[in-house]
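Structure data (compact mmCIF, C-alpha atoms) from start.txt:
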```txt
# COMPACT_ATOMS: atom_id res chain seq x y z
CA MET A 1371 -50.21 13.95 -28.78
CA GLU A 1372 -47.88 12.64 -26.11
CA TYR A 1373 -45.68 9.55 -26.21
CA CYS A 1374 -44.85 7.33 -23.28
CA LYS A 1375 -41.35 8.08 -21.96
CA LYS A 1376 -40.53 4.38 -21.74
CA CYS A 1377 -42.13 2.83 -24.82
CA LEU A 1378 -43.63 4.20 -28.05
CA MET A 1379 -47.31 4.11 -27.15
CA PRO A 1380 -49.06 7.48 -27.68
CA ASN A 1381 -51.83 8.85 -25.49
CA THR A 1382 -54.14 8.83 -28.53
CA ARG A 1383 -54.86 5.14 -27.90
CA PRO A 1384 -58.44 4.99 -26.53
CA GLY A 1385 -58.58 4.28 -22.82
CA ILE A 1386 -54.86 4.44 -22.16
CA VAL A 1387 -53.76 6.35 -19.05
CA PHE A 1388 -50.46 8.16 -18.49
CA GLU A 1389 -48.90 8.74 -15.07
CA ASN A 1390 -45.87 11.04 -14.93
CA GLY A 1391 -45.36 10.50 -18.65
CA VAL A 1392 -45.51 6.68 -18.48
CA CYS A 1393 -48.36 4.70 -20.06
CA SER A 1394 -50.52 2.24 -18.18
CA ALA A 1395 -49.18 -0.67 -20.27
CA CYS A 1396 -45.62 0.01 -19.05
CA ILE A 1397 -46.80 0.60 -15.50
CA ASN A 1398 -48.75 -2.64 -15.40
CA PHE A 1399 -45.94 -4.61 -17.04
CA GLU A 1400 -43.56 -3.42 -14.33
CA LYS A 1401 -46.04 -4.55 -11.69
CA GLN A 1402 -45.47 -8.11 -12.93
CA ARG A 1403 -41.94 -7.95 -11.51
CA VAL A 1404 -43.27 -7.64 -7.95
CA THR A 1405 -46.42 -9.74 -8.28
CA GLY A 1406 -46.57 -12.85 -6.08
CA TRP A 1407 -46.82 -15.29 -8.97
CA ASP A 1408 -46.26 -18.38 -6.81
CA ALA A 1409 -49.31 -17.49 -4.74
CA ARG A 1410 -51.36 -16.80 -7.85
CA TRP A 1411 -50.32 -20.10 -9.39
CA THR A 1412 -51.51 -21.85 -6.24
CA GLU A 1413 -54.77 -19.93 -6.59
CA LEU A 1414 -55.10 -21.12 -10.20
CA GLU A 1415 -54.47 -24.69 -9.10
CA GLY A 1416 -57.29 -24.25 -6.62
CA VAL A 1417 -59.64 -23.00 -9.34
CA CYS A 1418 -58.74 -25.97 -11.53
CA ASN A 1419 -59.18 -28.43 -8.65
CA GLN A 1420 -62.72 -27.15 -8.17
CA HIS A 1421 -63.56 -28.03 -11.78
CA ARG A 1422 -61.25 -30.98 -12.49
CA GLY A 1423 -63.26 -34.07 -13.38
CA SER A 1424 -66.52 -32.18 -12.88
CA ASN A 1425 -67.99 -33.93 -15.93
CA GLY A 1426 -66.46 -37.33 -15.27
CA ASN A 1427 -64.28 -38.16 -18.25
CA GLY A 1428 -65.75 -35.21 -20.14
CA TYR A 1429 -64.47 -31.69 -20.53
CA ASP A 1430 -63.72 -29.85 -17.30
CA CYS A 1431 -62.85 -26.50 -18.87
CA ALA A 1432 -63.12 -24.63 -22.17
CA ILE A 1433 -60.43 -22.46 -23.76
CA ALA A 1434 -61.25 -19.73 -26.27
CA VAL A 1435 -58.63 -20.07 -29.01
CA SER A 1436 -57.74 -18.64 -32.39
CA GLY A 1437 -54.76 -20.86 -33.14
CA GLY A 1438 -52.20 -18.13 -32.44
CA LYS A 1439 -49.19 -18.05 -30.15
CA ASP A 1440 -51.23 -17.04 -27.11
CA SER A 1441 -53.72 -19.84 -27.78
CA HIS A 1442 -50.86 -22.32 -27.81
CA PHE A 1443 -49.57 -20.90 -24.53
CA GLN A 1444 -53.02 -21.10 -22.92
CA VAL A 1445 -53.52 -24.73 -23.91
CA TYR A 1446 -49.97 -25.57 -22.81
CA VAL A 1447 -50.63 -24.16 -19.34
CA MET A 1448 -54.08 -25.70 -18.88
CA LYS A 1449 -53.41 -29.11 -20.44
CA GLU A 1450 -49.71 -29.82 -19.89
CA LEU A 1451 -48.99 -27.98 -16.67
CA LEU A 1452 -52.33 -28.25 -14.89
CA GLY A 1453 -53.61 -31.52 -16.32
CA MET A 1454 -57.06 -30.27 -17.27
CA ASN A 1455 -59.21 -31.81 -20.00
CA PRO A 1456 -60.20 -28.80 -22.12
CA ILE A 1457 -62.51 -28.37 -25.05
CA LEU A 1458 -61.16 -25.71 -27.44
CA LEU A 1459 -63.69 -23.21 -28.77
CA SER A 1460 -62.87 -21.22 -31.88
CA VAL A 1461 -64.43 -18.89 -34.44
CA GLY A 1462 -63.13 -19.49 -37.95
CA ASN A 1463 -61.91 -16.96 -40.50
CA ILE A 1464 -63.27 -15.92 -43.86
CA ASP A 1465 -59.82 -15.85 -45.48
CA TRP A 1466 -57.57 -18.29 -43.67
CA THR A 1467 -53.87 -18.19 -44.34
CA GLU A 1468 -52.47 -21.67 -44.85
CA THR A 1469 -50.24 -21.05 -41.84
CA GLY A 1470 -53.27 -20.17 -39.74
CA ARG A 1471 -55.02 -23.39 -40.72
CA LYS A 1472 -51.96 -25.45 -39.80
CA ASN A 1473 -51.66 -23.70 -36.44
CA VAL A 1474 -55.27 -24.47 -35.53
CA GLU A 1475 -54.74 -28.10 -36.52
CA ASN A 1476 -51.53 -28.13 -34.48
CA LEU A 1477 -53.41 -27.11 -31.32
CA SER A 1478 -55.52 -30.26 -31.54
CA GLU A 1479 -52.67 -32.50 -32.72
CA THR A 1480 -49.94 -31.41 -30.32
CA PHE A 1481 -52.04 -31.11 -27.18
CA SER A 1482 -54.55 -33.89 -28.03
CA CYS A 1483 -57.62 -31.70 -27.60
CA ASP A 1484 -61.09 -31.78 -29.11
CA MET A 1485 -62.13 -28.53 -30.77
CA ILE A 1486 -65.47 -27.06 -31.77
CA ALA A 1487 -65.27 -24.27 -34.33
CA MET A 1488 -67.97 -21.90 -35.51
CA ASN A 1489 -67.58 -20.89 -39.15
CA PRO A 1490 -69.04 -17.41 -39.75
CA ASN A 1491 -71.93 -16.90 -42.13
CA ARG A 1492 -70.10 -15.73 -45.26
CA HIS A 1493 -73.12 -13.88 -46.65
CA VAL A 1494 -73.57 -11.91 -43.43
CA ALA A 1495 -69.82 -11.39 -43.06
CA ARG A 1496 -69.56 -9.92 -46.58
CA ILE A 1497 -72.33 -7.40 -45.92
CA MET A 1498 -71.22 -6.56 -42.40
CA SER A 1499 -67.54 -6.11 -43.31
CA ARG A 1500 -68.39 -3.32 -45.71
CA LYS A 1501 -71.09 -1.77 -43.52
CA ALA A 1502 -68.84 -1.67 -40.46
CA PHE A 1503 -65.93 -0.28 -42.48
CA GLU A 1504 -68.06 2.55 -43.83
CA TYR A 1505 -70.01 3.29 -40.64
CA LEU A 1506 -67.54 2.55 -37.82
CA GLY A 1507 -64.15 2.23 -39.41
CA SER A 1508 -64.14 -1.22 -37.76
CA PRO A 1509 -64.62 -3.74 -40.57
CA THR A 1510 -64.20 -6.75 -38.26
CA TRP A 1511 -67.16 -5.78 -36.02
CA TYR A 1512 -69.10 -8.91 -36.99
CA ALA A 1513 -66.12 -11.26 -36.57
CA ASP A 1514 -65.14 -9.68 -33.24
CA ALA A 1515 -68.70 -9.92 -31.95
CA LEU A 1516 -68.73 -13.64 -32.77
CA ILE A 1517 -65.35 -14.13 -31.12
CA TYR A 1518 -66.60 -12.56 -27.91
CA ALA A 1519 -70.04 -14.23 -27.90
CA TYR A 1520 -69.46 -17.77 -29.13
CA PRO A 1521 -67.21 -19.23 -26.39
CA TYR A 1522 -69.53 -18.00 -23.63
CA ARG A 1523 -72.58 -19.42 -25.40
CA MET A 1524 -71.01 -22.75 -26.24
CA ALA A 1525 -69.48 -23.29 -22.80
CA ILE A 1526 -72.94 -22.82 -21.30
CA ASN A 1527 -74.50 -25.18 -23.86
CA LEU A 1528 -71.89 -27.83 -23.07
CA GLY A 1529 -72.33 -27.47 -19.34
CA VAL A 1530 -68.67 -26.53 -18.90
CA LYS A 1531 -68.26 -24.08 -16.04
CA LEU A 1532 -64.64 -22.90 -16.38
CA LEU A 1533 -63.83 -20.77 -19.46
CA ILE A 1534 -60.26 -19.61 -20.11
CA TYR A 1535 -59.16 -16.43 -21.86
CA GLY A 1536 -55.65 -15.01 -22.22
CA GLU A 1537 -54.86 -11.35 -21.60
CA ASN A 1538 -57.09 -8.73 -19.99
CA VAL A 1539 -56.51 -5.91 -22.49
CA ASN A 1540 -58.59 -3.43 -20.49
CA TYR A 1541 -56.20 -3.82 -17.57
CA THR A 1542 -53.07 -3.80 -19.73
CA TYR A 1543 -53.89 -0.77 -21.87
CA GLY A 1544 -56.73 0.97 -20.05
CA GLY A 1545 -60.46 1.25 -20.49
CA GLU A 1546 -63.68 1.38 -18.57
CA HIS A 1547 -62.83 -1.80 -16.64
CA ASN A 1548 -59.11 -1.13 -16.15
CA TYR A 1549 -58.61 -2.92 -12.84
CA GLU A 1550 -56.76 -6.19 -12.37
CA THR A 1551 -59.16 -9.07 -11.93
CA PRO A 1552 -59.19 -12.81 -12.56
CA SER A 1553 -62.78 -12.66 -13.84
CA ALA A 1554 -63.41 -12.33 -17.59
CA MET A 1555 -67.15 -11.95 -17.10
CA LEU A 1556 -67.10 -8.34 -18.36
CA GLN A 1557 -64.61 -8.92 -21.19
CA PRO A 1558 -67.12 -8.21 -24.00
CA LEU A 1559 -67.46 -4.69 -22.61
CA ASN A 1560 -63.79 -3.85 -23.34
CA ASP A 1561 -64.75 -1.67 -26.35
CA VAL A 1562 -63.32 -3.99 -29.01
CA VAL A 1563 -66.89 -4.56 -30.24
CA LYS A 1564 -68.34 -1.05 -30.40
CA PRO A 1565 -71.93 -0.84 -29.14
CA VAL A 1566 -74.15 -0.02 -32.12
CA GLU A 1567 -77.92 0.21 -32.39
CA TRP A 1568 -78.88 -2.58 -34.74
CA LYS A 1569 -81.11 -0.34 -36.80
CA VAL A 1570 -77.87 0.90 -38.36
CA TRP A 1571 -77.12 -2.60 -39.66
CA LEU A 1572 -80.73 -3.46 -40.58
CA SER A 1573 -81.96 -0.19 -42.10
CA ASP A 1574 -81.36 -1.08 -45.75
CA GLY A 1575 -83.07 -4.47 -45.50
CA GLN A 1576 -80.05 -6.60 -46.39
CA LEU A 1577 -79.99 -8.26 -42.96
CA THR A 1578 -82.44 -9.25 -40.26
CA GLU A 1579 -82.12 -9.59 -36.50
CA LYS A 1580 -81.93 -13.36 -36.99
CA ASP A 1581 -78.83 -12.88 -39.14
CA LEU A 1582 -77.04 -11.16 -36.26
CA ASN A 1583 -78.40 -13.24 -33.39
CA SER A 1584 -75.15 -15.21 -33.12
CA THR A 1585 -73.30 -12.01 -32.18
CA LEU A 1586 -75.29 -11.64 -28.95
CA GLN A 1587 -73.34 -12.61 -25.87
CA PRO A 1588 -75.23 -14.16 -22.95
CA THR A 1589 -75.92 -11.58 -20.27
CA VAL A 1590 -73.95 -11.58 -17.04
CA LYS A 1591 -77.09 -12.78 -15.30
CA ALA A 1592 -77.42 -15.71 -17.72
CA CYS A 1593 -73.74 -16.63 -17.29
CA GLU A 1594 -74.05 -16.53 -13.50
CA ALA A 1595 -77.25 -18.60 -13.61
CA ALA A 1596 -75.38 -21.24 -15.63
CA GLY A 1597 -72.52 -21.22 -13.11
CA LEU A 1598 -70.05 -20.06 -15.75
CA GLU A 1599 -66.67 -18.89 -14.41
CA PRO A 1600 -64.70 -17.11 -17.17
CA ILE A 1601 -61.14 -16.18 -16.14
CA TYR A 1602 -58.08 -14.40 -17.54
CA LEU A 1603 -54.96 -16.55 -17.52
CA SER A 1604 -52.87 -13.37 -17.47
CA TYR A 1605 -54.00 -12.77 -13.87
CA TYR A 1606 -52.38 -16.02 -12.74
CA VAL A 1607 -49.20 -16.27 -14.85
CA PRO A 1608 -46.78 -13.58 -16.14
CA TRP A 1609 -47.98 -12.43 -19.56
CA ASP A 1610 -45.33 -11.71 -22.19
CA SER A 1611 -46.37 -12.13 -25.82
CA HIS A 1612 -42.82 -12.79 -27.04
CA HIS A 1613 -42.29 -15.45 -24.37
CA ASN A 1614 -45.62 -16.99 -25.38
CA TYR A 1615 -44.37 -17.12 -28.97
CA LEU A 1616 -41.19 -18.93 -27.96
CA VAL A 1617 -43.18 -21.48 -25.95
CA ALA A 1618 -45.63 -21.95 -28.83
CA LYS A 1619 -42.84 -22.40 -31.39
CA ARG A 1620 -41.42 -25.30 -29.37
CA ARG A 1621 -44.82 -26.96 -29.67
CA GLY A 1622 -45.27 -26.66 -33.42
CA PHE A 1623 -46.58 -23.12 -33.88
CA ARG A 1624 -45.59 -21.75 -37.31
CA HIS A 1625 -44.81 -18.14 -38.20
CA LEU A 1626 -46.08 -16.61 -41.44
CA SER A 1627 -42.79 -15.75 -43.16
CA HIS A 1628 -42.73 -18.83 -45.39
CA GLU A 1629 -46.13 -17.91 -46.80
CA HIS A 1630 -46.38 -14.13 -46.74
CA VAL A 1631 -44.25 -11.27 -45.40
CA ARG A 1632 -46.53 -8.46 -44.25
CA GLU A 1633 -45.46 -4.93 -45.12
CA GLY A 1634 -46.73 -3.06 -42.07
CA THR A 1635 -45.48 -5.14 -39.15
CA LEU A 1636 -42.22 -5.82 -37.34
CA GLU A 1637 -42.81 -9.56 -37.07
CA GLN A 1638 -44.66 -12.41 -38.75
CA PHE A 1639 -46.02 -14.33 -35.76
CA ASN A 1640 -48.76 -12.12 -34.32
CA SER A 1641 -52.36 -12.26 -35.68
CA ILE A 1642 -51.34 -14.34 -38.69
CA ASP A 1643 -54.37 -16.57 -39.27
CA SER A 1644 -56.03 -14.04 -41.60
CA LEU A 1645 -54.80 -11.14 -43.73
CA GLY A 1646 -58.12 -9.38 -44.22
CA TYR A 1647 -58.76 -9.29 -40.48
CA LEU A 1648 -55.76 -6.98 -40.08
CA LEU A 1649 -57.51 -4.09 -41.83
CA ASN A 1650 -59.19 -3.36 -38.51
CA GLN A 1651 -55.78 -3.19 -36.84
CA TYR A 1652 -54.42 -0.86 -39.52
CA LEU A 1653 -57.30 1.59 -39.08
CA LYS A 1654 -55.80 2.57 -35.73
CA TYR A 1655 -53.17 4.43 -37.75
CA PRO A 1656 -55.37 7.06 -39.46
CA LYS A 1657 -57.53 7.35 -36.34
CA PHE A 1658 -54.89 7.39 -33.60
CA GLY A 1659 -51.47 7.59 -35.26
CA HIS A 1660 -50.26 4.13 -34.31
CA THR A 1661 -50.86 0.51 -35.26
CA SER A 1662 -49.12 -2.90 -35.35
CA ALA A 1663 -45.50 -1.75 -35.45
CA THR A 1664 -46.02 0.63 -32.53
CA GLU A 1665 -47.69 -2.03 -30.42
CA MET A 1666 -45.07 -4.70 -31.07
CA ALA A 1667 -42.15 -2.31 -30.67
CA SER A 1668 -43.58 -1.17 -27.33
CA ARG A 1669 -43.86 -4.79 -26.17
CA TRP A 1670 -40.25 -5.46 -27.09
CA ILE A 1671 -39.11 -2.31 -25.33
CA ARG A 1672 -40.95 -3.27 -22.14
CA THR A 1673 -39.34 -6.70 -22.06
CA GLY A 1674 -35.86 -5.31 -22.75
CA LEU A 1675 -35.45 -6.94 -26.17
CA GLU A 1676 -34.93 -3.54 -27.85
CA THR A 1677 -34.48 0.08 -26.80
CA ARG A 1678 -36.89 2.92 -27.45
CA GLU A 1679 -34.36 4.75 -29.63
CA GLU A 1680 -33.63 1.66 -31.72
CA MET A 1681 -37.29 1.05 -32.50
CA ILE A 1682 -38.31 4.57 -33.59
CA PRO A 1683 -37.07 4.28 -37.22
CA TYR A 1684 -38.70 0.85 -37.60
CA VAL A 1685 -42.05 2.18 -36.40
CA GLU A 1686 -41.77 5.24 -38.67
CA LYS A 1687 -41.17 2.97 -41.65
CA ARG A 1688 -43.69 0.20 -40.92
CA ASP A 1689 -46.74 1.75 -39.26
CA PRO A 1690 -47.90 3.81 -42.29
CA ASN A 1691 -47.83 0.78 -44.61
CA LEU A 1692 -51.09 -0.98 -45.36
CA ASP A 1693 -50.21 -4.42 -46.70
CA GLN A 1694 -51.39 -4.89 -50.28
CA GLY A 1695 -52.66 -8.35 -49.40
CA ILE A 1696 -55.04 -6.82 -46.87
CA VAL A 1697 -56.50 -4.46 -49.49
CA ASP A 1698 -56.81 -7.23 -52.08
CA ASN A 1699 -58.52 -9.62 -49.68
CA PHE A 1700 -60.97 -7.05 -48.34
CA CYS A 1701 -61.95 -5.63 -51.72
CA GLY A 1702 -62.24 -9.08 -53.25
CA PHE A 1703 -64.45 -10.38 -50.46
CA THR A 1704 -66.72 -7.34 -50.11
CA HIS A 1705 -66.85 -6.60 -53.88
CA MET A 1706 -65.66 -3.06 -53.14
CA SER A 1707 -63.60 -1.22 -55.72
CA VAL A 1708 -60.13 -0.04 -54.74
CA ARG A 1709 -61.17 3.54 -55.48
CA ASP A 1710 -64.15 3.25 -53.10
CA PHE A 1711 -61.92 1.58 -50.54
CA TRP A 1712 -59.52 4.51 -50.38
CA SER A 1713 -62.35 7.05 -50.46
CA THR A 1714 -63.79 5.35 -47.40
CA MET A 1715 -60.38 5.24 -45.77
CA ASP A 1716 -60.18 9.03 -46.17
CA LYS A 1717 -63.14 9.34 -43.76
CA TRP A 1718 -61.13 7.87 -40.91
CA TYR A 1719 -58.03 10.09 -41.03
CA ASN A 1720 -57.85 12.31 -37.96
CA PRO A 1721 -57.10 15.89 -39.16
CA ALA A 1722 -55.48 16.66 -35.81
CA LEU A 1723 -52.84 14.02 -36.59
CA PHE A 1724 -52.70 14.10 -40.41
CA ARG A 1725 -52.94 16.65 -43.19
CA GLN A 1726 -54.14 15.84 -46.67
CA GLY A 1727 -51.79 17.16 -49.29
CA ARG A 1728 -51.50 17.13 -53.05
CA ASP A 1729 -53.57 14.51 -54.90
CA GLY A 1730 -55.28 13.43 -51.68
CA ILE A 1731 -52.20 11.92 -50.02
CA TRP A 1732 -52.15 12.02 -46.21
CA HIS A 1733 -49.07 13.07 -44.24
CA PRO A 1734 -48.50 12.78 -40.47
CA ARG A 1735 -48.36 15.93 -38.37
CA PHE A 1736 -46.37 14.04 -35.74
CA LYS A 1737 -42.99 12.43 -35.25
CA VAL A 1738 -42.87 8.99 -33.66
CA GLY A 1739 -41.62 9.18 -30.10
CA VAL A 1740 -41.93 12.98 -30.00
CA GLY A 1741 -45.50 14.04 -30.81
CA LEU A 1742 -47.01 16.80 -32.94
CA ILE A 1743 -44.52 18.87 -34.89
CA PRO A 1744 -44.90 22.57 -35.84
CA GLU A 1745 -45.87 23.18 -39.45
```
Using structure tokens, write down the structure from this file.
Amino acid sequence: MEYCKKCLMPNTRPGIVFENGVCSACINFEKQRVTGWDARWTELEGVCNQHRGSNGNGYDCAIAVSGGKDSHFQVYVMKELLGMNPILLSVGNIDWTETGRKNVENLSETFSCDMIAMNPNRHVARIMSRKAFEYLGSPTWYADALIYAYPYRMAINLGVKLLIYGENVNYTYGGEHNYETPSAMLQPLNDVVKPVEWKVWLSDGQLTEKDLNSTLQPTVKACEAAGLEPIYLSYYVPWDSHHNYLVAKRRGFRHLSHEHVREGTLEQFNSIDSLGYLLNQYLKYPKFGHTSATEMASRWIRTGLETREEMIPYVEKRDPNLDQGIVDNFCGFTHMSVRDFWSTMDKWYNPALFRQGRDGIWHPRFKVGVGLIPE
């Protein structure tokens, strides 16, 4: 286990690449300082001009949104700065926070945008959440699959050719498609939605192929035939999640602190529309030794808000904590007992990074910012 010399991201993160001890996220963030952003903005204006007014007074682009800070930033850029007429496409949550609901409403209210939202099938979501937790250690597989499939499908159905996404996480953190590109055509292949043979989900007879049909993304060939042009906004404008938050806050975005203070994070403004959804994020900790606190601390370090040394004790304190609200929501929704929940969680601890001690309690074999420690 090796940590980046600049931030606190370990090399256990899937797909991440280190060069001379520095992670790809830090390397690519530094590249932003020398990127010709004026030229790229002109390029984005050209893309928008090709689609502007393409449907008369109808929608000339679609934006995939969740209601979060980055969604607010995307709509701000496309609607206020570039004067486009977007339709917002969203996949709803099973367990909305009240703050999350207000933020989604704020997107439509503040920016005067129509929105079409797909509400997941609760019956399928209940079954799939537990199945994916037990089989993959990725309980949000169903929700993530919808999030990646629905905007592509709906944009095609509406006849809208330009589809906007935010950050290219494969480029930022590494993965199979880790090159910088404006095209988001291959985004669903970024390994967020693990490829699984459906017989795994269907074998016990609880679900059918029809139940999961909505998780199928149109093929690249189908998207190209429809003339769909999905793009990453992060290719055209500097991408800084904290800056996006500050922009969003000035346009009515609400943080979560007045409703719930999460135990395992450093902030209350990232991924706040659902508590249960964050179980998937937490599972990075037993698998890879890092989760929300590591990721946010590393972002702050890159932007110069904090130093690496200052953030180590915060990450050590926060990353191991699984918020009680997450456990309550997941167990309540899936009808899983707390005992079964923790027994399943035991399956996902990486013995190279953790040892199981007395009474089944797991302890890290590593020190944040350093790596594995002798025992």
If you count all atoms listed in the file, which residues fall within 9 Å of Tyr1541 in chain A, apart from same-chain ones fewer than 2 positions away, as an mmCIF file with C-alpha atoms, keeping the file's coordinate frame?
```cif
data_model
loop_
_atom_site.group_PDB
_atom_site.id
_atom_site.type_symbol
_atom_site.label_atom_id
_atom_site.label_comp_id
_atom_site.auth_asym_id
_atom_site.auth_seq_id
_atom_site.Cartn_x
_atom_site.Cartn_y
_atom_site.Cartn_z
ATOM 1 C CA SER A 1394 -50.520 2.240 -18.180
ATOM 2 C CA ALA A 1395 -49.180 -0.670 -20.270
ATOM 3 C CA ASN A 1398 -48.750 -2.640 -15.400
ATOM 4 C CA GLU A 1537 -54.860 -11.350 -21.600
ATOM 5 C CA ASN A 1538 -57.090 -8.730 -19.990
ATOM 6 C CA VAL A 1539 -56.510 -5.910 -22.490
ATOM 7 C CA TYR A 1543 -53.890 -0.770 -21.870
ATOM 8 C CA GLY A 1544 -56.730 0.970 -20.050
ATOM 9 C CA GLY A 1545 -60.460 1.250 -20.490
ATOM 10 C CA HIS A 1547 -62.830 -1.800 -16.640
ATOM 11 C CA ASN A 1548 -59.110 -1.130 -16.150
ATOM 12 C CA TYR A 1549 -58.610 -2.920 -12.840
ATOM 13 C CA GLU A 1550 -56.760 -6.190 -12.370
ATOM 14 C CA THR A 1551 -59.160 -9.070 -11.930
#
```
Where does range 1435-1522 of chain A meet range 1586-1603 of chain A within 8 Å, residue by residue, with the nearest atom pair and distance in Å to one decimal for each, counting all atoms listed in the file, listed by chain and rising number, as CSV?
```
residue,atom,partner,partner_atom,distance
A:Gln1444,CA,A:Leu1603,CA,7.3
A:Ala1515,CA,A:Leu1586,CA,7.4
A:Leu1516,CA,A:Leu1586,CA,7.9
A:Tyr1518,CA,A:Gln1587,CA,7.0
A:Ala1519,CA,A:Gln1587,CA,4.2
A:Tyr1520,CA,A:Gln1587,CA,7.2
A:Tyr1522,CA,A:Pro1588,CA,6.9
```
Handout entry: Which of A:Arg1728, A:Asn1427, A:Ser1604, A:Pro1656 sits closest to Thr1542 in chain A [using all atoms listed in the file]
Key =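 The closest residue to Thr1542 in chain A is A:Ser1604.
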Exercise for the section: Please provide the set of residues having any atom within 9 Å of range 1697-1713 of chain A, restricted to all atoms listed in the file, with same-chain residues fewer than 5 positions apart removed, written as a ChimeraX atom specification. Expected result: /A:1464-1465,1495-1500,1645-1647,1649,1692
Problem - Atomic distance CA of Ser1584 in chain A - CA of Asn1489 in chain A, expressed in Å with one decimal - result: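 Straight-line distance from CA of Ser1584 in chain A to CA of Asn1489 in chain A works out to 11.2 Å.
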Exercise for the section: Compute the distance from (-35.8, 12.6, -32.2) to each atom, counting all atoms listed in the file, keep the residues with any atom at most 10 Å away, and return them as number ranges by chain; use the coordinates of the file. Expected result: A: 1679, 1682-1683, 1737-1741
